[in-house]
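What follows is a short report on a single structure.
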Amino acid sequence: MLGADQVRIAQEYRIAEFARVIAKIAYAFAFAEGAADTLESPSPVIPAILGHCDEIGRWVGTMAPPQAHPGELHRLILH
């Protein structure tokens with residue numbers, strides 16, 4: 001034995017970076033579906049995706065309260 005009496009795990013959550021990934025996927029989806037031309041030009045989402053401004057919370061968020069969906073691993077709602 002090495003004499004350890006506990007095991008610890010440190011986790012750093014990088015929420016803004018994850019939100020940027022989600023926004024990038026959503027923007028690419030809009031582009032692929034031909035809906036990107038209906039967005040404002042220049043798109044205010046792009047600077048948030050690129051990290052040039054700290055407004056990613058305006059574009060990526062969650063709906064409250066979360067609802068249970070038995071049998072579904074993931075659920076995505078577009079509106």
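Residues in the structure tokens are named by chain (A, B, ... in the order shown) and by number from 1 within that chain; ligands are numbered from 1 in the order shown.
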
Residues flagged alpha helix (DSSP H) by DSSP in segment 6-42 of chain A, as a list in words: Ile15, Ala16, Glu17, Phe18, Ala19, Arg20, Val21, Ile22, Ala23, Lys24, Ile25, Ala26, Tyr27, Ala28, Phe29, Ala30, Phe31 and Ala32 of chain A

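Distances here use only C-alpha atoms; by that measure, the residue among A:Asp54, A:Arg14, A:Leu76, A:Gly71 closest to Ala26 of chain A is A:Leu76.
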
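Taking atom CA of Pro42 of chain A as the reference point, atom CA of Glu17 of chain A is found at 21.8 Å.
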
Ile22 of chain A surroundings by only C-alpha atoms, 9 Å radius, close-in-sequence under 5 positions cut, as a list of chain:residue names: A:Glu17, A:Tyr27, A:Ile49, A:Val60

Selected residues written out with N, CA and C atoms, as a CSV table (one decimal), in the first residue's frame:
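Generated output (selection24.csv):
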chain,number,residue,atom,x,y,z
A,17,GLU,N,-16.8,27.3,-23.8
A,17,GLU,CA,-16.3,26.6,-24.9
A,17,GLU,C,-17.2,25.6,-25.4
A,27,TYR,N,-25.2,26.6,-36.2
A,27,TYR,CA,-25.0,27.6,-37.3
A,27,TYR,C,-24.7,26.8,-38.6
A,49,ILE,N,-19.2,32.7,-31.5
A,49,ILE,CA,-18.6,31.4,-31.8
A,49,ILE,C,-17.1,31.5,-31.8
A,60,VAL,N,-26.9,30.4,-26.9
A,60,VAL,CA,-27.0,29.0,-26.4
A,60,VAL,C,-27.5,28.9,-25.0

Top pick for closest residue to Glu55 of chain A, considering A:Ala23, A:Ala32, A:Leu73, A:Leu39 and counting only C-alpha atoms: A:Ala23

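Residues in contact with Ile56 of chain A at up to 12 Å, not including ones fewer than 2 positions away on its chain and judged by only C-alpha atoms, are A:Ile15, A:Ala16, A:Glu17, A:Phe18, A:Ala19, A:Arg20, A:Val21, A:Ile22, A:Ala23, A:Lys24, A:Pro44, A:Val45, A:Ile46, A:Pro47, A:Ala48, A:Ile49, A:Leu50, A:Gly51, A:His52, A:Cys53, A:Asp54, A:Arg58, A:Trp59, A:Val60, A:Gly61.
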
Let me see the file: selected residues, N, CA and C atoms, as a compact mmCIF listing (two decimals), in the first residue's frame.
# COMPACT_ATOMS: atom_id res chain seq x y z
N ILE A 15 -17.67 25.81 -19.70
CA ILE A 15 -19.03 25.97 -20.20
C ILE A 15 -19.08 26.81 -21.47
N ALA A 16 -18.37 27.92 -21.50
CA ALA A 16 -18.42 28.80 -22.67
C ALA A 16 -17.88 28.09 -23.91
N GLU A 17 -16.82 27.32 -23.75
CA GLU A 17 -16.25 26.60 -24.89
C GLU A 17 -17.23 25.56 -25.42
N PHE A 18 -17.91 24.87 -24.52
CA PHE A 18 -18.91 23.88 -24.94
C PHE A 18 -20.07 24.56 -25.66
N ALA A 19 -20.51 25.71 -25.13
CA ALA A 19 -21.60 26.46 -25.77
C ALA A 19 -21.19 26.92 -27.16
N ARG A 20 -19.92 27.29 -27.34
CA ARG A 20 -19.43 27.68 -28.67
C ARG A 20 -19.51 26.52 -29.65
N VAL A 21 -19.20 25.32 -29.19
CA VAL A 21 -19.29 24.13 -30.05
C VAL A 21 -20.74 23.91 -30.47
N ILE A 22 -21.67 24.01 -29.52
CA ILE A 22 -23.08 23.82 -29.82
C ILE A 22 -23.56 24.89 -30.81
N ALA A 23 -23.16 26.15 -30.60
CA ALA A 23 -23.55 27.22 -31.50
C ALA A 23 -22.98 27.00 -32.90
N LYS A 24 -21.76 26.51 -32.97
CA LYS A 24 -21.14 26.25 -34.28
C LYS A 24 -21.89 25.15 -35.03
N PRO A 44 -24.60 38.15 -35.72
CA PRO A 44 -24.02 38.42 -34.41
C PRO A 44 -23.58 37.14 -33.68
N VAL A 45 -23.96 35.99 -34.22
CA VAL A 45 -23.57 34.72 -33.59
C VAL A 45 -22.09 34.41 -33.85
N ILE A 46 -21.59 34.79 -35.02
CA ILE A 46 -20.23 34.43 -35.41
C ILE A 46 -19.17 34.95 -34.44
N PRO A 47 -19.21 36.23 -34.02
CA PRO A 47 -18.21 36.67 -33.04
C PRO A 47 -18.28 35.88 -31.73
N ALA A 48 -19.49 35.47 -31.33
CA ALA A 48 -19.63 34.66 -30.11
C ALA A 48 -19.02 33.29 -30.31
N ILE A 49 -19.23 32.69 -31.49
CA ILE A 49 -18.65 31.37 -31.78
C ILE A 49 -17.13 31.46 -31.77
N LEU A 50 -16.59 32.52 -32.33
CA LEU A 50 -15.14 32.68 -32.43
C LEU A 50 -14.50 33.13 -31.12
N GLY A 51 -15.32 33.50 -30.13
CA GLY A 51 -14.78 33.92 -28.84
C GLY A 51 -14.35 35.37 -28.82
N HIS A 52 -14.78 36.16 -29.81
CA HIS A 52 -14.43 37.57 -29.87
C HIS A 52 -15.25 38.42 -28.91
N CYS A 53 -16.38 37.89 -28.47
CA CYS A 53 -17.21 38.57 -27.48
C CYS A 53 -17.73 37.51 -26.51
N ASP A 54 -18.19 37.98 -25.38
CA ASP A 54 -18.64 37.05 -24.34
C ASP A 54 -20.16 37.02 -24.25
N ARG A 58 -26.39 34.37 -24.88
CA ARG A 58 -27.56 34.90 -25.61
C ARG A 58 -28.00 33.93 -26.69
N TRP A 59 -27.10 33.10 -27.18
CA TRP A 59 -27.38 32.24 -28.34
C TRP A 59 -27.54 30.77 -27.96
N VAL A 60 -26.94 30.36 -26.87
CA VAL A 60 -27.01 28.95 -26.45
C VAL A 60 -27.50 28.93 -25.01
N GLY A 61 -28.53 28.14 -24.74
CA GLY A 61 -29.07 28.08 -23.39
C GLY A 61 -29.87 26.83 -23.19

Between atom CA of His69 of chain A and atom CA of Ala30 of chain A, distance in Å (one decimal):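 Interatomic distance here is 25.8 Å.
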
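Atom to atom, atom CA of Ala28 of chain A and atom CA of Ser43 of chain A stand 12.7 Å apart.
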